[in-house]
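Novice: Below is the structure I would like to discuss, written out as structure tokens.
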Amino acid sequence: MNHIKGYAVIDDEMRIDGLHVIEVRHAPALVLPTHTHDTAKLGVLLAGGGSERAGVELESHTPLALFTRRPYRPHETQYHAQGARLLFVQMDPDDRRARAAIDPPRLDPATALQLGGHLVRAFGELRSRRSRLVRDAAHMILHTLNEMRRPRPPAWLDEARELLVANMVRPPTLRELGRVVGAHPVHLAQSFRAHWGITTRHYLRAHRVFRALEFIDRGVGLAEAAAAVGFADQSHMTRAIRLERGAPPGALRRQSPT
């Protein structure tokens with residue numbers, strides 16, 4: 001087993017056709033501050049859980065569903081109470097195939113599960129067949145992603161998302177938010193969910209949990225952390241963290257990179 005920069009353990013890896021395929025493990029409740037990667041990546045969560053934040057973008061990985069990581073993109077990561085085991089396909093950003101991760105399309109849940117499952121099944125094959133099957137699976141996925149449309153959200157929807165994060169302590173109602181960005185609140189709510197696959201309420205809760213755990217990680221008291229991010233009280237925050245991370249805040253002790 002090999003360690004990556006002290007914060008991950010490589011359980012398996014292979015290099016084929018310019019692709020570096022690795023299976024890695026991260027410790028429970030590991031918190032990684034802002035960092036970047038110099039490779040483009042396809043990823044699949046095999047077990048456990050992890051959440052990433054890059055500005056207003058926030059993603060919690062779904063088991064066996066494909067996700068992408070853009071190179072040189074600053075982001076923070078928090079692994080959930082169980083830790084995480086992941087499968088990655090890494091490629092040089094200059095590789096023409098890497099556009100799938102550099103300019104990723106938004107995947108609906110069914111497609112993400114289909115593509116992720118295809119890669120996982122190939123990686124789980126007998127070693128005598130695995131290299132060929134993983135190569136073929138990765139090429140098929142990259143081709144599929146590169147052929148998909150990449151719709152962009154309208155500017156007003158991006159503005160609404162930014163306003164929610166900027167005002168998470170006292171967030172505007174949908175009616176107030178719609179008035180600011182010039183959209184009917186029902187249309188705003190429907191468009192938000194259609195484009196990002198999450199409701200405004202759950203999006204706000206996920207950001208509050210991410211920020212609260214950063215405060216707790218720095219030694220801030222639970223009640224103070226709850227107030228700082230807009231939870232009604234400590235109990236409200238504890239329930240939200242348990243839903244998002246699978247354990248109450250007291251069980252999520254920081255495990256720093258060494």
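To be explicit about the labels: the chains of the structure tokens are called A, B, and onward in the order shown, and within each one the residues are counted from 1, while ligands get numbers from 1 in the order they are shown.
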Using DSSP assignments from the backbone, pull out every residue in region 71-173 of chain A that falls under strand (DSSP E) and give it to me as a list of chain:residue names.

Specialist: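 Everything in region 71-173 of chain A that counts as strand (DSSP E) is A:His75, A:Glu76, A:Thr77, A:Gln78, A:Tyr79, A:His80, A:Ala81, A:Gln82, A:Gly83, A:Ala84, A:Arg85, A:Leu86, A:Leu87, A:Phe88, A:Val89, A:Gln90, A:Met91.
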
Novice: Write to file, as a PDB file, in the first residue's frame, the residues of the selection just made, with N, CA and C atoms.

Specialist:
ATOM      1  N   HIS A  75     -10.429  23.661  -4.417  1.00  0.00           N
ATOM      2  CA  HIS A  75     -11.617  23.130  -3.752  1.00  0.00           C
ATOM      3  C   HIS A  75     -11.248  22.602  -2.379  1.00  0.00           C
ATOM      4  N   GLU A  76     -12.251  22.461  -1.533  1.00  0.00           N
ATOM      5  CA  GLU A  76     -12.097  21.884  -0.194  1.00  0.00           C
ATOM      6  C   GLU A  76     -12.854  20.570  -0.154  1.00  0.00           C
ATOM      7  N   THR A  77     -12.380  19.637   0.675  1.00  0.00           N
ATOM      8  CA  THR A  77     -13.025  18.326   0.757  1.00  0.00           C
ATOM      9  C   THR A  77     -13.234  17.938   2.210  1.00  0.00           C
ATOM     10  N   GLN A  78     -14.398  17.364   2.479  1.00  0.00           N
ATOM     11  CA  GLN A  78     -14.695  16.793   3.804  1.00  0.00           C
ATOM     12  C   GLN A  78     -15.202  15.373   3.587  1.00  0.00           C
ATOM     13  N   TYR A  79     -14.520  14.398   4.197  1.00  0.00           N
ATOM     14  CA  TYR A  79     -14.986  13.020   4.110  1.00  0.00           C
ATOM     15  C   TYR A  79     -15.914  12.728   5.278  1.00  0.00           C
ATOM     16  N   HIS A  80     -16.879  11.852   5.040  1.00  0.00           N
ATOM     17  CA  HIS A  80     -17.953  11.622   5.999  1.00  0.00           C
ATOM     18  C   HIS A  80     -17.511  10.673   7.106  1.00  0.00           C
ATOM     19  N   ALA A  81     -18.437  10.342   7.980  1.00  0.00           N
ATOM     20  CA  ALA A  81     -18.101   9.582   9.188  1.00  0.00           C
ATOM     21  C   ALA A  81     -17.457   8.236   8.883  1.00  0.00           C
ATOM     22  N   GLN A  82     -17.790   7.636   7.729  1.00  0.00           N
ATOM     23  CA  GLN A  82     -17.245   6.320   7.395  1.00  0.00           C
ATOM     24  C   GLN A  82     -15.935   6.404   6.625  1.00  0.00           C
ATOM     25  N   GLY A  83     -15.454   7.610   6.324  1.00  0.00           N
ATOM     26  CA  GLY A  83     -14.325   7.732   5.415  1.00  0.00           C
ATOM     27  C   GLY A  83     -14.810   7.518   3.993  1.00  0.00           C
ATOM     28  N   ALA A  84     -13.905   7.180   3.091  1.00  0.00           N
ATOM     29  CA  ALA A  84     -14.315   6.976   1.703  1.00  0.00           C
ATOM     30  C   ALA A  84     -13.310   6.091   0.980  1.00  0.00           C
ATOM     31  N   ARG A  85     -13.833   5.303   0.060  1.00  0.00           N
ATOM     32  CA  ARG A  85     -13.010   4.529  -0.866  1.00  0.00           C
ATOM     33  C   ARG A  85     -13.447   4.935  -2.265  1.00  0.00           C
ATOM     34  N   LEU A  86     -12.487   5.327  -3.107  1.00  0.00           N
ATOM     35  CA  LEU A  86     -12.813   5.874  -4.423  1.00  0.00           C
ATOM     36  C   LEU A  86     -11.954   5.255  -5.512  1.00  0.00           C
ATOM     37  N   LEU A  87     -12.497   5.279  -6.714  1.00  0.00           N
ATOM     38  CA  LEU A  87     -11.772   4.856  -7.907  1.00  0.00           C
ATOM     39  C   LEU A  87     -11.622   6.071  -8.806  1.00  0.00           C
ATOM     40  N   PHE A  88     -10.381   6.360  -9.231  1.00  0.00           N
ATOM     41  CA  PHE A  88     -10.114   7.513 -10.090  1.00  0.00           C
ATOM     42  C   PHE A  88      -9.433   7.080 -11.380  1.00  0.00           C
ATOM     43  N   VAL A  89      -9.795   7.758 -12.459  1.00  0.00           N
ATOM     44  CA  VAL A  89      -9.053   7.682 -13.722  1.00  0.00           C
ATOM     45  C   VAL A  89      -8.463   9.063 -13.942  1.00  0.00           C
ATOM     46  N   GLN A  90      -7.144   9.163 -13.897  1.00  0.00           N
ATOM     47  CA  GLN A  90      -6.456  10.448 -14.010  1.00  0.00           C
ATOM     48  C   GLN A  90      -5.808  10.560 -15.392  1.00  0.00           C
ATOM     49  N   MET A  91      -5.825  11.784 -15.938  1.00  0.00           N
ATOM     50  CA  MET A  91      -5.196  12.009 -17.243  1.00  0.00           C
ATOM     51  C   MET A  91      -4.603  13.409 -17.275  1.00  0.00           C
TER      52      MET A  91
END

Novice: Show me, as number ranges by chain, the residues that have an atom within 9 Å of Arg175 (chain A) when counting only C-alpha atoms, minus same-chain residues fewer than 5 positions from it.

Specialist: A: 180, 183-186

Novice: Please, which residues of region 48-115 of chain A, numbered as in this document, come out helix (DSSP H, G or I) from DSSP, as number ranges by chain?

Specialist: A: 96-102, 109-115

Novice: Near Asp136 (chain A), within 12 Å and counting only C-alpha atoms, which residues show up once chain neighbours fewer than 6 positions away are dropped, as a PyMOL selection string?

Specialist: chain A and resi 16-17+19+118-119+121-123+129-130+142-143

Novice: Keeping only all heavy atoms, write the selected residues to a file as a compact mmCIF listing (two decimals), in the first residue's frame.

Specialist:
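Contents of result_13.txt, freshly written:
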# COMPACT_ATOMS: atom_id res chain seq x y z
N ILE A 16 -2.54 2.55 -18.08
CA ILE A 16 -2.87 2.01 -19.39
C ILE A 16 -3.20 3.14 -20.35
O ILE A 16 -3.98 4.03 -20.04
CB ILE A 16 -4.07 1.04 -19.33
CG1 ILE A 16 -5.19 1.60 -18.45
CG2 ILE A 16 -3.67 -0.34 -18.86
CD1 ILE A 16 -6.48 0.82 -18.49
N ASP A 17 -2.54 3.12 -21.51
CA ASP A 17 -2.88 4.04 -22.59
C ASP A 17 -2.92 5.50 -22.13
O ASP A 17 -3.85 6.24 -22.45
CB ASP A 17 -4.22 3.63 -23.20
CG ASP A 17 -4.52 4.35 -24.51
OD1 ASP A 17 -3.55 4.78 -25.17
OD2 ASP A 17 -5.70 4.48 -24.85
N LEU A 19 -3.50 6.64 -19.18
CA LEU A 19 -4.41 6.84 -18.07
C LEU A 19 -3.83 6.21 -16.81
O LEU A 19 -3.26 5.12 -16.86
CB LEU A 19 -5.78 6.20 -18.36
CG LEU A 19 -6.47 6.61 -19.65
CD1 LEU A 19 -7.73 5.77 -19.85
CD2 LEU A 19 -6.82 8.09 -19.63
N HIS A 118 -20.25 0.96 -14.99
CA HIS A 118 -19.49 0.34 -16.08
C HIS A 118 -17.99 0.32 -15.76
O HIS A 118 -17.31 -0.70 -15.94
CB HIS A 118 -19.75 1.10 -17.38
CG HIS A 118 -19.26 0.43 -18.61
ND1 HIS A 118 -19.65 -0.84 -18.98
CD2 HIS A 118 -18.37 0.83 -19.56
CE1 HIS A 118 -19.04 -1.18 -20.11
NE2 HIS A 118 -18.27 -0.18 -20.47
N LEU A 119 -17.48 1.44 -15.25
CA LEU A 119 -16.07 1.51 -14.90
C LEU A 119 -15.74 0.60 -13.71
O LEU A 119 -14.72 -0.10 -13.72
CB LEU A 119 -15.69 2.96 -14.57
CG LEU A 119 -14.24 3.22 -14.20
CD1 LEU A 119 -13.31 2.88 -15.37
CD2 LEU A 119 -14.05 4.68 -13.80
N ARG A 121 -17.28 -2.15 -12.71
CA ARG A 121 -17.32 -3.56 -13.11
C ARG A 121 -16.06 -3.96 -13.86
O ARG A 121 -15.50 -5.05 -13.65
CB ARG A 121 -18.56 -3.83 -13.95
CG ARG A 121 -19.86 -3.85 -13.15
CD ARG A 121 -21.01 -4.37 -13.99
NE ARG A 121 -21.30 -3.49 -15.11
CZ ARG A 121 -22.12 -2.44 -15.05
NH1 ARG A 121 -22.70 -2.12 -13.90
NH2 ARG A 121 -22.35 -1.70 -16.11
N ALA A 122 -15.58 -3.08 -14.73
CA ALA A 122 -14.36 -3.38 -15.48
C ALA A 122 -13.16 -3.49 -14.54
O ALA A 122 -12.33 -4.40 -14.68
CB ALA A 122 -14.11 -2.29 -16.53
N PHE A 123 -13.07 -2.59 -13.56
CA PHE A 123 -11.94 -2.61 -12.63
C PHE A 123 -11.98 -3.85 -11.74
O PHE A 123 -10.94 -4.31 -11.26
CB PHE A 123 -11.96 -1.35 -11.77
CG PHE A 123 -10.71 -1.12 -10.98
CD1 PHE A 123 -9.56 -0.66 -11.59
CD2 PHE A 123 -10.69 -1.36 -9.61
CE1 PHE A 123 -8.40 -0.44 -10.86
CE2 PHE A 123 -9.53 -1.15 -8.88
CZ PHE A 123 -8.39 -0.69 -9.50
N ARG A 129 -7.83 -9.86 -17.66
CA ARG A 129 -8.73 -9.14 -18.56
C ARG A 129 -8.89 -7.68 -18.19
O ARG A 129 -9.41 -6.88 -18.97
CB ARG A 129 -10.12 -9.80 -18.55
CG ARG A 129 -10.14 -11.28 -18.81
CD ARG A 129 -11.52 -11.85 -18.64
NE ARG A 129 -12.49 -11.16 -19.49
CZ ARG A 129 -13.78 -11.07 -19.23
NH1 ARG A 129 -14.27 -11.58 -18.12
NH2 ARG A 129 -14.60 -10.44 -20.06
N ARG A 130 -8.46 -7.31 -17.00
CA ARG A 130 -8.83 -6.02 -16.44
C ARG A 130 -8.27 -4.84 -17.24
O ARG A 130 -8.99 -3.86 -17.49
CB ARG A 130 -8.37 -5.91 -14.98
CG ARG A 130 -8.90 -4.68 -14.29
CD ARG A 130 -8.61 -4.69 -12.81
NE ARG A 130 -7.19 -4.53 -12.54
CZ ARG A 130 -6.70 -4.16 -11.36
NH1 ARG A 130 -7.52 -3.93 -10.35
NH2 ARG A 130 -5.41 -4.04 -11.17
N LEU A 142 -15.33 8.60 -21.63
CA LEU A 142 -14.82 9.89 -22.08
C LEU A 142 -15.47 10.31 -23.40
O LEU A 142 -15.82 11.48 -23.58
CB LEU A 142 -13.29 9.81 -22.24
CG LEU A 142 -12.52 9.73 -20.91
CD1 LEU A 142 -11.07 9.31 -21.17
CD2 LEU A 142 -12.57 11.05 -20.17
N HIS A 143 -15.64 9.36 -24.29
CA HIS A 143 -16.31 9.68 -25.56
C HIS A 143 -17.74 10.12 -25.31
O HIS A 143 -18.22 11.11 -25.89
CB HIS A 143 -16.28 8.45 -26.49
CG HIS A 143 -17.03 8.67 -27.77
ND1 HIS A 143 -16.52 9.43 -28.80
CD2 HIS A 143 -18.26 8.25 -28.17
CE1 HIS A 143 -17.41 9.47 -29.79
NE2 HIS A 143 -18.47 8.76 -29.43

Novice: Quick one, how far is CA of Leu252 (chain A) from CA of Val21 (chain A)?

Specialist: 29.6 Å

Novice: Which residue is closest to Arg170 (chain A)? Choose from A:Gly230, A:Pro93, A:Gly250, A:Gly43 and count only C-alpha atoms.

Specialist: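 Among the listed residues, A:Gly230 lies closest to Arg170 (chain A).
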
Novice: Counting only C-alpha atoms, figure out which residue out of A:Val120, A:Leu157, A:Met237, A:Ala40 gets nearest to Leu133 (chain A).

Specialist: A:Val120

Novice: Pick from A:Pro172, A:Pro28, A:Pro33, A:Gly124: nearest to Gly50 (chain A), with only C-alpha atoms counted?

Specialist: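 Selected residue with least distance to Gly50 (chain A): A:Pro28.
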
Novice: Pick from A:Ile241, A:Ala54, A:Leu46, A:Ala251: nearest to Arg73 (chain A), with only C-alpha atoms counted?

Specialist: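 Ranked by minimum distance to Arg73 (chain A), first place goes to A:Ala54.
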
Novice: Neighbouring residues of Ala194 (chain A) were defined as those with any atom within 12 Å, considering only C-alpha atoms; residues of the same chain fewer than 6 positions away were excluded. Please report them as a list in words.

Specialist: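 The residues satisfying every condition are Arg106, Leu107, Asp108, Pro109, Pro151, Arg152, Pro153, Leu157, His187, Leu188 and Thr200 of chain A.
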
Novice: I'd like the contact shell of Arg161 (chain A) - 12 Å cut-off, only C-alpha atoms, skipping same-chain residues fewer than 2 positions apart - returned as a ChimeraX atom specification.

Specialist: /A:55-58,153-159,163-168,171-172,174,177-178,180-181,188-189,191-193,195-196,198-201,203-204,207

Novice: Now that the selection is made, can you save its residues with N, CA and C atoms as a tab-separated table (two decimals), in the first residue's frame?

Specialist:
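Generated output (again.tsv):
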chain	number	residue	atom	x	y	z
A	55	GLY	N	-16.10	27.37	-4.13
A	55	GLY	CA	-16.92	28.57	-4.20
A	55	GLY	C	-18.36	28.24	-3.89
A	56	VAL	N	-19.26	28.57	-4.81
A	56	VAL	CA	-20.68	28.27	-4.59
A	56	VAL	C	-21.04	26.86	-5.05
A	57	GLU	N	-20.11	26.19	-5.74
A	57	GLU	CA	-20.38	24.83	-6.19
A	57	GLU	C	-20.14	23.86	-5.05
A	58	LEU	N	-21.09	22.97	-4.81
A	58	LEU	CA	-20.95	21.99	-3.75
A	58	LEU	C	-21.51	20.67	-4.24
A	153	PRO	N	-26.33	27.52	-17.05
A	153	PRO	CA	-27.48	28.14	-16.39
A	153	PRO	C	-27.60	29.60	-16.80
A	154	PRO	N	-28.82	30.14	-16.81
A	154	PRO	CA	-28.97	31.57	-17.09
A	154	PRO	C	-28.31	32.38	-15.99
A	155	ALA	N	-27.92	33.60	-16.32
A	155	ALA	CA	-27.20	34.44	-15.37
A	155	ALA	C	-27.99	34.66	-14.09
A	156	TRP	N	-29.31	34.81	-14.19
A	156	TRP	CA	-30.12	35.07	-13.01
A	156	TRP	C	-30.12	33.88	-12.05
A	157	LEU	N	-29.99	32.65	-12.60
A	157	LEU	CA	-29.97	31.48	-11.74
A	157	LEU	C	-28.62	31.37	-11.01
A	158	ASP	N	-27.55	31.70	-11.71
A	158	ASP	CA	-26.24	31.77	-11.05
A	158	ASP	C	-26.26	32.82	-9.94
A	159	GLU	N	-26.89	33.97	-10.22
A	159	GLU	CA	-26.97	35.04	-9.21
A	159	GLU	C	-27.74	34.57	-7.99
A	163	LEU	N	-26.36	34.41	-4.14
A	163	LEU	CA	-27.03	35.14	-3.06
A	163	LEU	C	-27.37	34.22	-1.89
A	164	LEU	N	-27.76	32.99	-2.18
A	164	LEU	CA	-28.07	32.04	-1.10
A	164	LEU	C	-26.85	31.78	-0.25
A	165	VAL	N	-25.70	31.55	-0.88
A	165	VAL	CA	-24.47	31.27	-0.13
A	165	VAL	C	-24.00	32.50	0.62
A	166	ALA	N	-24.05	33.67	-0.02
A	166	ALA	CA	-23.59	34.90	0.62
A	166	ALA	C	-24.44	35.29	1.81
A	167	ASN	N	-25.70	34.84	1.82
A	167	ASN	CA	-26.62	35.22	2.89
A	167	ASN	C	-27.14	34.00	3.65
A	168	MET	N	-26.27	32.99	3.84
A	168	MET	CA	-26.74	31.75	4.45
A	168	MET	C	-27.18	31.94	5.90
A	171	PRO	N	-30.96	33.85	5.05
A	171	PRO	CA	-31.22	33.71	3.61
A	171	PRO	C	-32.55	34.34	3.19
A	172	PRO	N	-32.61	34.86	1.98
A	172	PRO	CA	-33.88	35.40	1.48
A	172	PRO	C	-34.87	34.27	1.21
A	174	LEU	N	-37.81	32.44	-1.15
A	174	LEU	CA	-37.86	32.28	-2.60
A	174	LEU	C	-38.51	33.49	-3.26
A	177	LEU	N	-35.92	36.24	-3.18
A	177	LEU	CA	-34.85	35.91	-4.11
A	177	LEU	C	-35.31	36.11	-5.55
A	178	GLY	N	-36.54	35.68	-5.84
A	178	GLY	CA	-37.07	35.85	-7.18
A	178	GLY	C	-37.22	37.32	-7.55
A	180	VAL	N	-35.32	39.76	-6.51
A	180	VAL	CA	-34.00	40.32	-6.77
A	180	VAL	C	-33.48	39.92	-8.15
A	181	VAL	N	-33.67	38.64	-8.51
A	181	VAL	CA	-33.08	38.16	-9.78
A	181	VAL	C	-34.05	38.26	-10.95
A	188	LEU	N	-38.14	29.84	-10.35
A	188	LEU	CA	-36.80	29.82	-9.76
A	188	LEU	C	-36.53	28.46	-9.10
A	189	ALA	N	-37.47	28.02	-8.28
A	189	ALA	CA	-37.29	26.75	-7.56
A	189	ALA	C	-37.17	25.57	-8.53
A	191	SER	N	-36.27	25.67	-11.74
A	191	SER	CA	-35.04	25.79	-12.54
A	191	SER	C	-33.82	25.40	-11.72
A	192	PHE	N	-33.80	25.79	-10.45
A	192	PHE	CA	-32.68	25.46	-9.57
A	192	PHE	C	-32.53	23.94	-9.48
A	193	ARG	N	-33.63	23.27	-9.22
A	193	ARG	CA	-33.57	21.81	-9.07
A	193	ARG	C	-33.26	21.13	-10.40
A	195	HIS	N	-31.48	22.27	-12.89
A	195	HIS	CA	-30.10	22.46	-13.34
A	195	HIS	C	-29.09	21.82	-12.41
A	196	TRP	N	-29.31	21.89	-11.09
A	196	TRP	CA	-28.30	21.38	-10.15
A	196	TRP	C	-28.73	20.13	-9.40
A	198	ILE	N	-30.86	19.63	-7.02
A	198	ILE	CA	-31.06	19.79	-5.58
A	198	ILE	C	-31.98	20.98	-5.35
A	199	THR	N	-32.77	20.94	-4.29
A	199	THR	CA	-33.64	22.07	-3.98
A	199	THR	C	-32.82	23.19	-3.33
A	200	THR	N	-33.36	24.40	-3.35
A	200	THR	CA	-32.67	25.51	-2.70
A	200	THR	C	-32.49	25.24	-1.20
A	201	ARG	N	-33.50	24.61	-0.59
A	201	ARG	CA	-33.42	24.31	0.84
A	201	ARG	C	-32.29	23.35	1.16
A	203	TYR	N	-29.71	22.69	-0.77
A	203	TYR	CA	-28.44	23.33	-1.15
A	203	TYR	C	-27.93	24.21	-0.01
A	204	LEU	N	-28.84	24.99	0.57
A	204	LEU	CA	-28.47	25.87	1.68
A	204	LEU	C	-28.01	25.05	2.89
A	207	HIS	N	-24.44	23.71	2.38
A	207	HIS	CA	-23.41	24.74	2.57
A	207	HIS	C	-23.25	25.09	4.05
